[in-house]
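target-v5.txt, holding compact mmCIF, C-alpha atoms and all ligand atoms:
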```txt
# COMPACT_ATOMS: atom_id res chain seq x y z
CA MET A 1 75.87 121.54 66.10
CA VAL A 2 75.20 117.85 66.38
CA GLN A 3 72.35 115.95 67.95
CA PRO A 4 72.63 115.71 71.74
CA LEU A 5 73.32 112.25 73.14
CA ASN A 6 71.12 112.94 76.15
CA TYR A 7 73.02 110.80 78.60
CA LEU A 8 72.79 111.71 82.26
CA LYS A 9 75.89 111.97 84.39
CA GLU A 10 76.33 109.56 87.28
CA SER A 11 75.73 111.24 90.65
CA PRO A 12 79.17 112.14 91.98
CA SER A 13 80.34 110.14 94.95
CA GLN A 14 80.84 111.67 98.38
CA THR A 15 82.56 110.12 101.37
CA ALA A 16 80.52 107.79 103.58
CA GLY A 17 81.74 109.92 106.48
CA PRO A 18 82.29 108.94 110.11
CA TYR A 19 78.66 108.06 110.77
CA VAL A 20 78.05 105.56 107.99
CA HIS A 21 77.07 103.04 110.67
CA ILE A 22 73.96 105.01 111.54
CA GLY A 23 72.58 104.46 108.08
CA CYS A 24 74.03 101.10 107.08
CA THR A 25 74.49 99.19 110.34
CA PRO A 26 72.36 100.98 112.95
CA ASN A 27 72.15 98.04 115.36
CA PHE A 28 75.94 97.82 115.34
CA ALA A 29 75.92 101.55 116.21
CA GLY A 30 73.63 100.86 119.17
CA LEU A 31 70.47 102.15 117.48
CA HIS A 32 67.99 99.38 118.10
CA GLY A 33 64.28 99.05 117.47
CA VAL A 34 63.99 100.26 113.89
CA TYR A 35 65.55 97.42 111.84
CA ASP A 36 65.26 93.84 113.14
CA LYS A 37 68.84 93.21 112.13
CA ASP A 38 71.45 95.05 110.16
CA LEU A 39 71.42 94.37 106.45
CA GLY A 40 74.12 91.91 105.47
CA ALA A 41 75.16 91.19 109.08
CA GLY A 42 76.07 87.77 110.41
CA PRO A 43 76.99 84.51 108.68
CA MET A 44 76.38 84.38 104.93
CA VAL A 45 75.57 80.67 105.16
CA ASN A 46 72.83 78.58 106.66
CA ASP A 47 72.74 74.81 107.28
CA ASN A 48 71.62 74.14 103.73
CA THR A 49 74.13 76.31 101.89
CA ARG A 50 76.31 74.28 99.57
CA GLY A 51 80.06 74.69 99.67
CA GLU A 52 83.15 74.77 101.77
CA ARG A 53 82.87 76.97 104.88
CA ILE A 54 85.51 79.63 105.28
CA THR A 55 86.00 82.71 107.44
CA ILE A 56 87.60 85.84 106.05
CA ARG A 57 89.27 88.21 108.49
CA GLY A 58 91.17 91.38 107.87
CA PHE A 59 91.85 95.02 108.54
CA VAL A 60 91.85 98.14 106.43
CA TYR A 61 95.09 100.09 106.94
CA ASP A 62 95.85 103.72 106.16
CA GLY A 63 99.07 105.06 104.67
CA VAL A 64 100.99 104.96 107.96
CA GLY A 65 99.77 101.50 108.93
CA ASN A 66 96.94 102.38 111.31
CA ALA A 67 93.90 100.13 111.11
CA LEU A 68 90.76 102.11 110.29
CA LYS A 69 88.12 101.88 113.01
CA ASP A 70 85.36 103.40 110.90
CA ALA A 71 85.47 101.54 107.59
CA LEU A 72 82.57 99.62 106.10
CA VAL A 73 83.39 96.62 103.92
CA GLU A 74 80.99 94.87 101.54
CA VAL A 75 81.55 91.61 99.71
CA TRP A 76 79.83 90.06 96.69
CA GLN A 77 80.56 86.55 95.51
CA ALA A 78 79.32 83.58 93.54
CA ASP A 79 77.98 80.40 95.12
CA ALA A 80 79.90 77.13 95.34
CA ASP A 81 79.12 76.38 91.67
CA GLY A 82 80.10 79.80 90.37
CA PHE A 83 76.61 81.28 89.99
CA TYR A 84 75.60 84.70 91.27
CA ASN A 85 72.31 85.15 93.09
CA SER A 86 71.30 88.04 90.83
CA PRO A 87 68.70 88.74 88.14
CA SER A 88 71.62 89.41 85.78
CA GLU A 89 72.88 85.84 86.21
CA THR A 90 71.75 84.09 83.06
CA ARG A 91 73.88 80.93 83.08
CA GLY A 92 71.93 79.08 85.74
CA THR A 93 70.22 79.34 89.09
CA ALA A 94 72.28 80.12 92.14
CA ASP A 95 72.00 78.24 95.42
CA PRO A 96 68.78 79.61 97.01
CA ASN A 97 70.47 79.28 100.39
CA PHE A 98 73.25 81.67 99.49
CA PHE A 99 72.60 85.37 98.91
CA GLY A 100 76.24 86.14 98.16
CA TRP A 101 76.36 89.68 99.53
CA ALA A 102 77.25 90.89 103.00
CA ARG A 103 78.56 93.95 104.78
CA CYS A 104 80.68 94.28 107.88
CA PRO A 105 81.72 97.41 109.74
CA GLY A 106 85.25 97.31 111.11
CA ASP A 107 85.25 96.66 114.84
CA MET A 108 85.12 100.05 116.61
CA THR A 109 88.06 99.10 118.86
CA THR A 110 90.31 96.98 116.64
CA GLY A 111 89.02 97.69 113.14
CA GLU A 112 88.79 94.01 112.20
CA PHE A 113 86.17 92.82 109.71
CA VAL A 114 84.93 89.23 109.51
CA PHE A 115 82.86 87.35 106.93
CA GLU A 116 81.63 83.79 107.47
CA THR A 117 80.97 82.44 104.02
CA ILE A 118 81.79 79.71 101.52
CA LYS A 119 84.51 79.44 98.97
CA PRO A 120 83.02 80.51 95.61
CA GLY A 121 83.17 78.43 92.46
CA GLN A 122 84.79 79.64 89.28
CA VAL A 123 83.08 82.23 87.11
CA PRO A 124 83.85 82.59 83.39
CA PHE A 125 85.55 85.67 81.99
CA LYS A 126 83.83 87.26 78.98
CA ASP A 127 85.86 85.12 76.55
CA GLY A 128 84.89 81.90 78.32
CA ARG A 129 88.14 81.31 80.19
CA LEU A 130 87.53 80.61 83.86
CA MET A 131 88.49 83.19 86.44
CA ALA A 132 90.07 81.83 89.60
CA PRO A 133 87.77 81.78 92.64
CA HIS A 134 87.49 85.31 94.00
CA ILE A 135 85.32 87.57 96.10
CA SER A 136 84.60 91.19 95.18
CA PHE A 137 85.24 93.78 97.90
CA TRP A 138 83.96 97.35 98.19
CA ILE A 139 85.39 99.62 100.88
CA VAL A 140 84.05 102.96 102.09
CA ALA A 141 85.02 105.12 105.07
CA ARG A 142 85.55 108.64 106.26
CA GLY A 143 88.32 110.06 104.09
CA ILE A 144 87.54 107.78 101.13
CA ASN A 145 85.91 109.99 98.52
CA ILE A 146 84.71 107.20 96.25
CA GLY A 147 84.21 103.55 97.19
CA LEU A 148 87.20 101.32 96.46
CA ASN A 149 86.80 98.09 94.50
CA THR A 150 89.16 95.19 94.87
CA ARG A 151 89.10 91.38 94.80
CA MET A 152 90.27 88.66 97.11
CA TYR A 153 91.69 85.55 95.46
CA PHE A 154 92.75 82.41 97.36
CA SER A 155 96.28 81.34 98.24
CA ASP A 156 95.31 77.66 97.87
CA GLU A 157 94.43 78.20 94.19
CA GLU A 158 97.88 78.72 92.74
CA GLU A 159 97.14 76.97 89.46
CA ALA A 160 93.90 78.80 88.80
CA ASN A 161 95.44 82.10 89.89
CA ALA A 162 98.30 81.61 87.44
CA VAL A 163 95.92 81.60 84.48
CA ASP A 164 93.32 84.00 85.84
CA PRO A 165 92.58 86.57 83.11
CA ILE A 166 92.63 89.49 85.54
CA LEU A 167 95.63 88.51 87.65
CA SER A 168 97.71 87.57 84.65
CA ARG A 169 97.30 90.98 83.02
CA ILE A 170 98.70 92.89 85.99
CA GLU A 171 101.97 94.41 84.87
CA HIS A 172 103.61 94.92 88.24
CA ARG A 173 103.83 91.32 89.40
CA MET A 174 105.10 92.21 92.86
CA ARG A 175 101.71 93.80 93.57
CA VAL A 176 99.67 90.66 92.78
CA PRO A 177 100.00 89.24 96.32
CA THR A 178 97.94 92.22 97.58
CA LEU A 179 94.95 90.47 95.98
CA ILE A 180 95.54 87.05 97.55
CA GLY A 181 93.85 86.03 100.79
CA GLN A 182 96.23 83.84 102.80
CA ARG A 183 94.60 80.59 103.74
CA ASP A 184 95.33 78.78 106.98
CA GLY A 185 92.81 76.01 107.61
CA ASP A 186 89.36 77.55 107.27
CA ILE A 187 90.62 81.08 107.86
CA LEU A 188 91.48 83.48 105.07
CA THR A 189 93.41 86.56 106.08
CA PHE A 190 92.90 89.48 103.74
CA ASN A 191 94.28 92.85 104.76
CA ILE A 192 93.59 95.94 102.68
CA HIS A 193 96.23 98.68 102.49
CA LEU A 194 94.86 101.98 101.23
CA GLN A 195 98.28 103.49 100.59
CA GLY A 196 102.01 102.97 100.90
CA GLU A 197 104.50 100.20 100.11
CA LYS A 198 101.88 97.49 100.38
CA GLU A 199 99.07 99.43 98.68
CA THR A 200 96.34 97.02 97.59
CA ILE A 201 95.48 96.85 93.92
CA PHE A 202 92.18 98.66 93.40
CA PHE A 203 90.16 98.29 90.24
CA ASP A 204 88.26 100.71 88.03
CA VAL A 205 85.39 98.30 87.48
CA MET B 1 57.02 96.28 79.77
CA LYS B 2 59.96 98.30 80.92
CA ASN B 3 62.97 97.26 82.90
CA THR B 4 61.52 93.87 83.57
CA LEU B 5 64.04 91.85 81.60
CA PRO B 6 67.23 91.47 83.57
CA GLU B 7 70.11 93.21 81.85
CA THR B 8 73.39 91.42 81.46
CA THR B 9 75.76 93.88 79.80
CA PRO B 10 78.71 95.76 81.33
CA PHE B 11 78.36 99.32 82.57
CA PHE B 12 79.55 102.49 80.92
CA ALA B 13 83.05 103.46 81.96
CA ARG B 14 83.00 105.63 85.05
CA ASP B 15 83.93 109.27 84.42
CA ARG B 16 86.61 109.61 87.07
CA ASP B 17 87.00 113.34 86.36
CA TRP B 18 83.41 113.92 87.41
CA HIS B 19 83.85 112.16 90.75
CA PRO B 20 86.16 113.45 93.46
CA PRO B 21 89.73 112.15 93.20
CA ALA B 22 90.99 110.01 96.09
CA TYR B 23 93.58 112.53 97.24
CA THR B 24 92.02 115.86 98.25
CA PRO B 25 94.24 117.61 100.82
CA GLY B 26 91.53 120.17 101.65
CA TYR B 27 89.70 117.24 103.21
CA LYS B 28 92.50 116.19 105.52
CA THR B 29 91.38 112.65 106.31
CA SER B 30 91.73 111.73 102.64
CA VAL B 31 95.48 112.33 102.73
CA LEU B 32 96.40 108.99 104.34
CA ARG B 33 93.39 107.11 103.04
CA SER B 34 93.86 107.73 99.33
CA PRO B 35 95.39 105.10 97.06
CA GLN B 36 98.22 106.68 95.10
CA ARG B 37 98.76 104.13 92.37
CA ALA B 38 96.68 103.95 89.24
CA LEU B 39 93.48 101.94 89.40
CA ILE B 40 93.64 98.86 87.22
CA SER B 41 90.88 98.89 84.64
CA LEU B 42 88.61 95.91 84.71
CA GLU B 43 86.01 95.86 82.01
CA GLY B 44 82.97 94.40 83.71
CA THR B 45 82.90 90.64 84.19
CA LYS B 46 79.99 88.69 85.66
CA SER B 47 81.36 89.60 89.07
CA GLU B 48 80.71 93.32 88.49
CA ILE B 49 77.68 93.08 86.17
CA THR B 50 75.68 91.13 88.74
CA GLY B 51 74.72 92.40 92.15
CA PRO B 52 72.39 91.77 95.05
CA VAL B 53 68.76 92.80 94.68
CA PHE B 54 66.61 93.31 97.75
CA GLY B 55 62.93 92.47 98.00
CA HIS B 56 60.34 94.79 99.49
CA ASN B 57 60.04 92.32 102.37
CA THR B 58 63.41 93.71 103.51
CA LEU B 59 61.59 96.82 104.71
CA GLY B 60 59.71 97.58 107.90
CA GLU B 61 56.56 99.66 107.84
CA PHE B 62 58.17 102.92 109.02
CA ASP B 63 61.61 102.55 107.46
CA ASN B 64 60.87 105.49 105.15
CA ASP B 65 59.56 107.80 107.87
CA LEU B 66 62.34 109.31 109.97
CA ILE B 67 59.85 111.63 111.65
CA ILE B 68 58.38 108.72 113.59
CA ASN B 69 60.53 105.62 113.13
CA PHE B 70 62.57 106.27 116.27
CA ALA B 71 59.94 108.27 118.17
CA GLN B 72 57.88 107.34 121.19
CA PRO B 73 54.29 106.45 120.29
CA GLY B 74 52.36 109.62 119.57
CA GLU B 75 55.50 111.76 119.41
CA SER B 76 57.60 112.92 116.50
CA ALA B 77 60.99 114.38 115.68
CA ILE B 78 61.68 118.08 116.20
CA GLY B 79 62.55 120.19 113.16
CA GLU B 80 61.36 121.38 109.78
CA ARG B 81 59.15 118.64 108.39
CA ILE B 82 60.11 117.70 104.86
CA MET B 83 59.65 114.97 102.30
CA VAL B 84 62.54 113.98 100.04
CA TYR B 85 61.47 112.35 96.82
CA GLY B 86 62.89 111.59 93.41
CA ARG B 87 63.93 108.84 91.07
CA VAL B 88 66.86 106.53 90.85
CA LEU B 89 67.84 106.64 87.18
CA ASP B 90 70.70 105.27 85.18
CA GLU B 91 72.84 107.28 82.77
CA ARG B 92 70.51 106.34 79.92
CA GLY B 93 67.72 108.12 81.77
CA ARG B 94 65.85 104.93 82.59
CA GLY B 95 64.31 104.47 86.01
CA VAL B 96 65.99 101.81 88.13
CA PRO B 97 63.28 99.70 89.77
CA GLY B 98 63.89 97.76 92.96
CA ALA B 99 66.88 99.86 94.00
CA LEU B 100 67.57 99.83 97.73
CA VAL B 101 68.21 103.36 98.99
CA GLU B 102 69.51 103.93 102.52
CA PHE B 103 69.82 107.38 104.12
CA TRP B 104 71.15 108.87 107.34
CA GLN B 105 71.50 112.36 108.72
CA ALA B 106 71.99 114.65 111.69
CA ASN B 107 69.01 115.98 113.65
CA ALA B 108 67.62 119.52 113.31
CA GLY B 109 70.42 120.87 115.53
CA GLY B 110 73.15 119.19 113.52
CA ARG B 111 73.78 116.35 115.98
CA TYR B 112 74.19 112.69 115.01
CA ARG B 113 73.11 109.87 117.26
CA HIS B 114 76.52 108.15 117.31
CA LYS B 115 78.97 107.08 120.01
CA LYS B 116 81.83 108.98 118.42
CA GLU B 117 79.90 112.25 117.98
CA SER B 118 80.55 114.96 120.56
CA TYR B 119 79.00 118.17 119.16
CA LEU B 120 77.35 120.15 121.95
CA ALA B 121 73.96 120.38 120.19
CA PRO B 122 71.41 118.16 121.94
CA LEU B 123 70.08 114.82 120.80
CA ASP B 124 66.39 114.66 119.97
CA PRO B 125 64.98 111.69 121.92
CA ASN B 126 62.50 111.08 119.09
CA PHE B 127 64.96 111.10 116.21
CA GLY B 128 67.27 108.27 115.16
CA GLY B 129 68.37 109.74 111.85
CA PHE B 130 68.20 106.79 109.47
CA GLY B 131 65.85 105.02 107.11
CA ARG B 132 65.62 103.15 103.84
CA THR B 133 63.30 102.39 100.98
CA ILE B 134 63.17 100.53 97.67
CA THR B 135 62.28 102.21 94.39
CA ASP B 136 59.06 101.33 92.59
CA ASP B 137 58.74 100.03 89.03
CA ASP B 138 59.63 103.45 87.59
CA GLY B 139 62.51 104.11 89.96
CA ASN B 140 60.57 106.44 92.28
CA TYR B 141 61.33 106.73 95.98
CA ALA B 142 60.23 109.02 98.80
CA PHE B 143 60.75 109.39 102.51
CA ARG B 144 59.70 111.75 105.26
CA THR B 145 62.15 113.37 107.65
CA ILE B 146 63.14 116.64 109.27
CA LYS B 147 65.65 118.98 107.70
CA PRO B 148 69.08 118.30 109.21
CA GLY B 149 71.11 121.14 110.67
CA PRO B 150 74.64 122.14 109.66
CA TYR B 151 77.37 121.03 112.02
CA PRO B 152 81.02 121.83 112.76
CA TRP B 153 83.66 119.18 112.19
CA PRO B 154 87.36 118.89 112.86
CA ASN B 155 89.19 119.72 109.65
CA GLY B 156 90.03 123.43 109.43
CA VAL B 157 89.59 125.45 112.61
CA ASN B 158 86.09 126.57 111.62
CA ASP B 159 84.75 124.12 109.06
CA TRP B 160 81.03 123.37 108.95
CA ARG B 161 79.14 120.84 106.94
CA PRO B 162 76.16 122.23 105.03
CA ALA B 163 72.84 120.62 105.83
CA HIS B 164 72.98 117.25 104.08
CA ILE B 165 71.57 113.75 103.95
CA HIS B 166 73.83 110.76 103.24
CA PHE B 167 72.64 108.24 100.64
CA SER B 168 73.74 104.67 99.94
CA VAL B 169 72.32 103.20 96.74
CA PHE B 170 72.29 99.71 95.24
CA GLY B 171 71.43 99.33 91.58
CA HIS B 172 71.36 95.96 89.85
CA GLY B 173 75.11 95.44 89.50
CA PHE B 174 77.81 95.60 92.16
CA ALA B 175 79.71 98.07 89.94
CA GLN B 176 76.81 100.54 90.38
CA ARG B 177 77.28 100.71 94.14
CA LEU B 178 77.31 104.34 95.22
CA ILE B 179 77.44 106.46 98.37
CA THR B 180 76.82 110.17 98.08
CA GLN B 181 75.26 113.14 99.86
CA MET B 182 72.30 115.40 99.15
CA TYR B 183 72.42 119.13 99.80
CA PHE B 184 69.61 121.70 100.01
CA GLU B 185 68.82 124.44 97.53
CA GLY B 186 69.90 127.88 98.65
CA ASP B 187 72.31 126.80 101.39
CA PRO B 188 75.36 129.15 101.36
CA MET B 189 77.35 126.59 103.38
CA ILE B 190 77.57 124.26 100.37
CA TRP B 191 80.22 126.36 98.69
CA LEU B 192 82.36 126.62 101.82
CA CYS B 193 82.59 122.90 102.53
CA PRO B 194 85.89 121.03 102.00
CA ILE B 195 84.04 117.74 101.44
CA VAL B 196 81.79 119.29 98.80
CA LYS B 197 84.90 120.84 97.25
CA THR B 198 86.48 117.41 96.75
CA ILE B 199 84.24 117.35 93.66
CA PRO B 200 86.17 119.26 91.00
CA ASP B 201 83.29 120.22 88.70
CA GLU B 202 80.72 122.81 89.77
CA ALA B 203 78.07 121.19 87.59
CA ALA B 204 78.69 117.91 89.38
CA ILE B 205 78.21 119.63 92.74
CA ARG B 206 74.95 121.17 91.55
CA SER B 207 73.70 117.71 90.63
CA LEU B 208 73.75 116.90 94.37
CA VAL B 209 71.62 119.90 95.37
CA ALA B 210 67.97 119.02 95.90
CA ALA B 211 65.39 121.49 94.67
CA LEU B 212 62.57 122.83 96.80
CA ASP B 213 59.34 121.69 95.16
CA MET B 214 56.30 123.54 96.49
CA ASN B 215 54.00 121.59 94.16
CA ALA B 216 54.89 118.37 95.93
CA SER B 217 54.55 119.94 99.35
CA ILE B 218 51.60 119.17 101.61
CA PRO B 219 49.91 122.38 102.82
CA HIS B 220 50.05 122.90 106.59
CA ASP B 221 52.23 119.81 106.95
CA LEU B 222 55.55 119.58 105.10
CA ARG B 223 57.61 120.89 102.21
CA ALA B 224 59.18 118.70 99.55
CA TYR B 225 62.68 118.48 98.11
CA LYS B 226 63.31 116.63 94.88
CA PHE B 227 66.51 114.64 94.59
CA ASP B 228 67.20 112.35 91.63
CA ILE B 229 70.09 109.93 91.86
CA VAL B 230 71.88 108.70 88.74
CA LEU B 231 73.65 105.33 88.66
CA ARG B 232 75.88 104.04 85.89
CA GLY B 233 74.20 103.01 82.67
CA ARG B 234 74.60 99.72 80.86
CA ARG B 235 76.01 99.26 77.42
CA SER B 236 73.77 98.21 74.57
CA THR B 237 73.90 94.63 73.41
CA LEU B 238 73.63 95.66 69.75
CA PHE B 239 76.35 93.98 67.71
CA GLU B 240 78.03 92.82 70.88
CA ASN B 241 79.06 89.19 71.27
CA ARG B 242 78.67 88.75 67.53
CA LEU B 243 81.53 86.51 66.53
CA GLU B 244 83.22 86.96 63.18
CA GLY B 245 81.49 84.93 60.48
CA ASN B 246 78.19 84.75 62.34
FE FE A 301 77.17 113.92 107.66
```

Written as structure tokens, that's how I'd like the structure from this file.
Ligand SMILES: [Fe+2]
Amino acid sequence: MVQPLNYLKESPSQTAGPYVHIGCTPNFAGLHGVYDKDLGAGPMVNDNTRGERITIRGFVYDGVGNALKDALVEVWQADADGFYNSPSETRGTADPNFFGWARCPGDMTTGEFVFETIKPGQVPFKDGRLMAPHISFWIVARGINIGLNTRMYFSDEEEANAVDPILSRIEHRMRVPTLIGQRDGDILTFNIHLQGEKETIFFDV
Amino acid sequence: MKNTLPETTPFFARDRDWHPPAYTPGYKTSVLRSPQRALISLEGTKSEITGPVFGHNTLGEFDNDLIINFAQPGESAIGERIMVYGRVLDERGRGVPGALVEFWQANAGGRYRHKKESYLAPLDPNFGGFGRTITDDDGNYAFRTIKPGPYPWPNGVNDWRPAHIHFSVFGHGFAQRLITQMYFEGDPMIWLCPIVKTIPDEAAIRSLVAALDMNASIPHDLRAYKFDIVLRGRRSTLFENRLEGN
């Protein structure tokens, strides 16, 4: 016998199910009068937020190319200077006008998700190298047993992407474009493919 | 002083054998929604170590009382009155303070208040089926609700969900983000459910079963179920970041 380590086990994940909207975005689901507004809904910026305004749009596709109508997507990102609005951010103080987190349910008819935000600054990797600007994504839905983590990088950041410590370690180079949001003006298009030829790279974070 | 200093270290690696795999054909919807390639490991960077934290001003007065938060004044939801309480802990056994916990559920007849729900059981006009709360300094949370009913769902020809409450939990880092479900002690439906059975380990399933706690019950009013939720723990900072020669 040895001494027990006494760690607890993480609670196992279960699917968010088809009715995740009731709990996470009740106003979107037509249930009004309890929460003033849905948590994380609407623009992530106000008039005083620093940074370049962008809009991210996309769909979550299943293995045969159907857009999910019942997915919930959350994003988490740094401010324009690369600081996170989090107690665990120790390098500096983030823009008080930018919370950095939002959630959007896919449209019930089309499945599209939309985030109105700013382009984040660069955040250092643990060895001090700078990571290219990116936004963390977390996707849950009926049929997804454990939330999926991925990142969106920016197509207009080719140089930074080329030396990004995460992107550059990906062995199968042809899959890297699944992590790049395609920029056209202020619009970033970022589609997430759960399965198949174009399967998005998901991370074990 | 406990848990007051913000922690800045990466999280323990997730035990993927303890969680359900993505592809679980017994739960048919997972078949086309499961990534098939290996996840790429990403030892926590600032982007995963940090996460949003929500203040108590996020909450409305009745957000943690599903018995009345959707009800007409003076009325209340129909069903077995219960309280669900417990702690949000991390894998080190420490309480997680300030954790936002959201929950949603069917009514006492097993019916959800949702556009896409068509089960023949009736809606309860006084029950919305959702709420939220934020843990206190020791990680404690509690809410009041009615016990949800089991309900049939389209998977096998006669599959039923056990009575359950859905939980969404935020810790302090985005990598701790978790959605899970709570089941009720003694429910024989648990062991028949294809969604429960996506979890390979019986001990893991048992960790999602809330215990009836008569000591925490309120006589002539409601019974209590205890449900602790465990989020990922953080690594120690001992000897970490110590460069050679320092
Ligand atoms: Fe459910």

Kindly provide, as a ChimeraX atom specification, the residues of chain B having any atom no farther than 6 Å from an atom of chain A, counting only C-alpha atoms.
/B:6-8,19,22,29-30,32-33,35,39-42,44,50-52,91-92,103-104,130,179-181,229-232

Residues near Phe184 (chain B), cut-off 8 Å, only C-alpha atoms, skip fewer than 3 positions along chain, as a count of residues only
8

Just the residues within 6 Å of Gly149 (chain B), please, counting only C-alpha atoms, with nothing from its chain fewer than 4 positions along; format it as a PyMOL selection string.
chain B and resi 108-110+163

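The space separating CA of Thr178 (chain A) from CA of Asp70 (chain A) comes to 21.5 Å.
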
Each residue of chain B with at least one atom at most 8 Å from ligand FE 301 (chain A) should appear once, together with its nearest atom pair and the corresponding distance in Å (one decimal); atoms considered: all atoms listed in the file; ordering: chain, then increasing residue number; output as CSV.
```
residue,atom,partner,partner_atom,distance
B:Trp104,CA,A:FE301,FE,7.9
B:Gln105,CA,A:FE301,FE,6.0
B:Ala106,CA,A:FE301,FE,6.6
B:Arg161,CA,A:FE301,FE,7.2
B:His164,CA,A:FE301,FE,6.4
B:Ile165,CA,A:FE301,FE,6.7
B:His166,CA,A:FE301,FE,6.4
```

Closest to Arg113 (chain B) among B:Leu178, B:Val101, B:His56, B:Gly129, using only C-alpha atoms?
B:Gly129

Distance in Å - CA of Ile118 (chain A) versus CA of Ala160 (chain A):
17.6 Å

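Atom pair CA of Ser76 (chain B) / CA of Asn27 (chain A): separated by 20.8 Å.
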
Counting all atoms listed in the file, write as a list of chain:residue names all protein and nucleic acid residues lying at most 9 Å from (87.5, 95.0, 104.1) in the file's frame.
A:Arg57, A:Gly58, A:Phe59, A:Val60, A:Ala71, A:Leu72, A:Val73, A:Glu74, A:Val75, A:Cys104, A:Pro105, A:Gly106, A:Glu112, A:Phe113, A:Val114, A:Phe137, A:Trp138, A:Ile139, A:Val140, A:Phe190, A:Asn191, A:Ile192

I need every residue sitting at most 6 Å from the point (55.8, 114.9, 103.0) (coordinates as in the file, only C-alpha atoms considered), written as a PyMOL selection string.
chain B and resi 82-83+144+222

For region 190-195 of chain A, supply all heavy atoms and format the output as a PDB file, in the coordinates of the input.
```
ATOM      1  N   PHE A 190      92.841  88.555 104.876  1.00  0.00           N
ATOM      2  CA  PHE A 190      92.900  89.480 103.740  1.00  0.00           C
ATOM      3  C   PHE A 190      92.937  90.900 104.277  1.00  0.00           C
ATOM      4  O   PHE A 190      91.922  91.458 104.675  1.00  0.00           O
ATOM      5  CB  PHE A 190      91.695  89.275 102.824  1.00  0.00           C
ATOM      6  CG  PHE A 190      91.747  90.104 101.561  1.00  0.00           C
ATOM      7  CD1 PHE A 190      92.801  89.986 100.675  1.00  0.00           C
ATOM      8  CD2 PHE A 190      90.731  91.007 101.259  1.00  0.00           C
ATOM      9  CE1 PHE A 190      92.853  90.748  99.508  1.00  0.00           C
ATOM     10  CE2 PHE A 190      90.768  91.769 100.094  1.00  0.00           C
ATOM     11  CZ  PHE A 190      91.834  91.634  99.219  1.00  0.00           C
ATOM     12  N   ASN A 191      94.123  91.472 104.300  1.00  0.00           N
ATOM     13  CA  ASN A 191      94.280  92.850 104.760  1.00  0.00           C
ATOM     14  C   ASN A 191      94.313  93.794 103.564  1.00  0.00           C
ATOM     15  O   ASN A 191      94.884  93.474 102.532  1.00  0.00           O
ATOM     16  CB  ASN A 191      95.558  92.997 105.582  1.00  0.00           C
ATOM     17  CG  ASN A 191      95.448  92.236 106.895  1.00  0.00           C
ATOM     18  OD1 ASN A 191      94.377  92.226 107.511  1.00  0.00           O
ATOM     19  ND2 ASN A 191      96.524  91.598 107.304  1.00  0.00           N
ATOM     20  N   ILE A 192      93.702  94.951 103.756  1.00  0.00           N
ATOM     21  CA  ILE A 192      93.590  95.940 102.680  1.00  0.00           C
ATOM     22  C   ILE A 192      94.425  97.155 103.087  1.00  0.00           C
ATOM     23  O   ILE A 192      94.228  97.713 104.171  1.00  0.00           O
ATOM     24  CB  ILE A 192      92.117  96.309 102.466  1.00  0.00           C
ATOM     25  CG1 ILE A 192      91.349  95.073 101.956  1.00  0.00           C
ATOM     26  CG2 ILE A 192      91.989  97.489 101.504  1.00  0.00           C
ATOM     27  CD1 ILE A 192      89.862  95.154 102.138  1.00  0.00           C
ATOM     28  N   HIS A 193      95.365  97.524 102.237  1.00  0.00           N
ATOM     29  CA  HIS A 193      96.230  98.680 102.490  1.00  0.00           C
ATOM     30  C   HIS A 193      95.837  99.796 101.532  1.00  0.00           C
ATOM     31  O   HIS A 193      95.963  99.653 100.315  1.00  0.00           O
ATOM     32  CB  HIS A 193      97.688  98.304 102.317  1.00  0.00           C
ATOM     33  CG  HIS A 193      98.159  97.278 103.313  1.00  0.00           C
ATOM     34  ND1 HIS A 193      98.747  97.611 104.505  1.00  0.00           N
ATOM     35  CD2 HIS A 193      98.083  95.915 103.301  1.00  0.00           C
ATOM     36  CE1 HIS A 193      99.033  96.511 105.187  1.00  0.00           C
ATOM     37  NE2 HIS A 193      98.642  95.474 104.478  1.00  0.00           N
ATOM     38  N   LEU A 194      95.362 100.898 102.082  1.00  0.00           N
ATOM     39  CA  LEU A 194      94.860 101.980 101.230  1.00  0.00           C
ATOM     40  C   LEU A 194      95.986 102.711 100.524  1.00  0.00           C
ATOM     41  O   LEU A 194      95.762 103.342  99.489  1.00  0.00           O
ATOM     42  CB  LEU A 194      94.060 102.978 102.079  1.00  0.00           C
ATOM     43  CG  LEU A 194      92.830 102.416 102.784  1.00  0.00           C
ATOM     44  CD1 LEU A 194      92.162 103.508 103.621  1.00  0.00           C
ATOM     45  CD2 LEU A 194      91.827 101.845 101.778  1.00  0.00           C
ATOM     46  N   GLN A 195      97.190 102.634 101.084  1.00  0.00           N
ATOM     47  CA  GLN A 195      98.280 103.490 100.590  1.00  0.00           C
ATOM     48  C   GLN A 195      99.605 102.947 101.087  1.00  0.00           C
ATOM     49  O   GLN A 195      99.643 102.221 102.077  1.00  0.00           O
ATOM     50  CB  GLN A 195      98.043 104.894 101.185  1.00  0.00           C
ATOM     51  CG  GLN A 195      98.777 106.031 100.559  1.00  0.00           C
ATOM     52  CD  GLN A 195      98.550 107.308 101.367  1.00  0.00           C
ATOM     53  OE1 GLN A 195      99.236 107.570 102.336  1.00  0.00           O
ATOM     54  NE2 GLN A 195      97.547 108.089 100.972  1.00  0.00           N
TER      55      GLN A 195
END
```
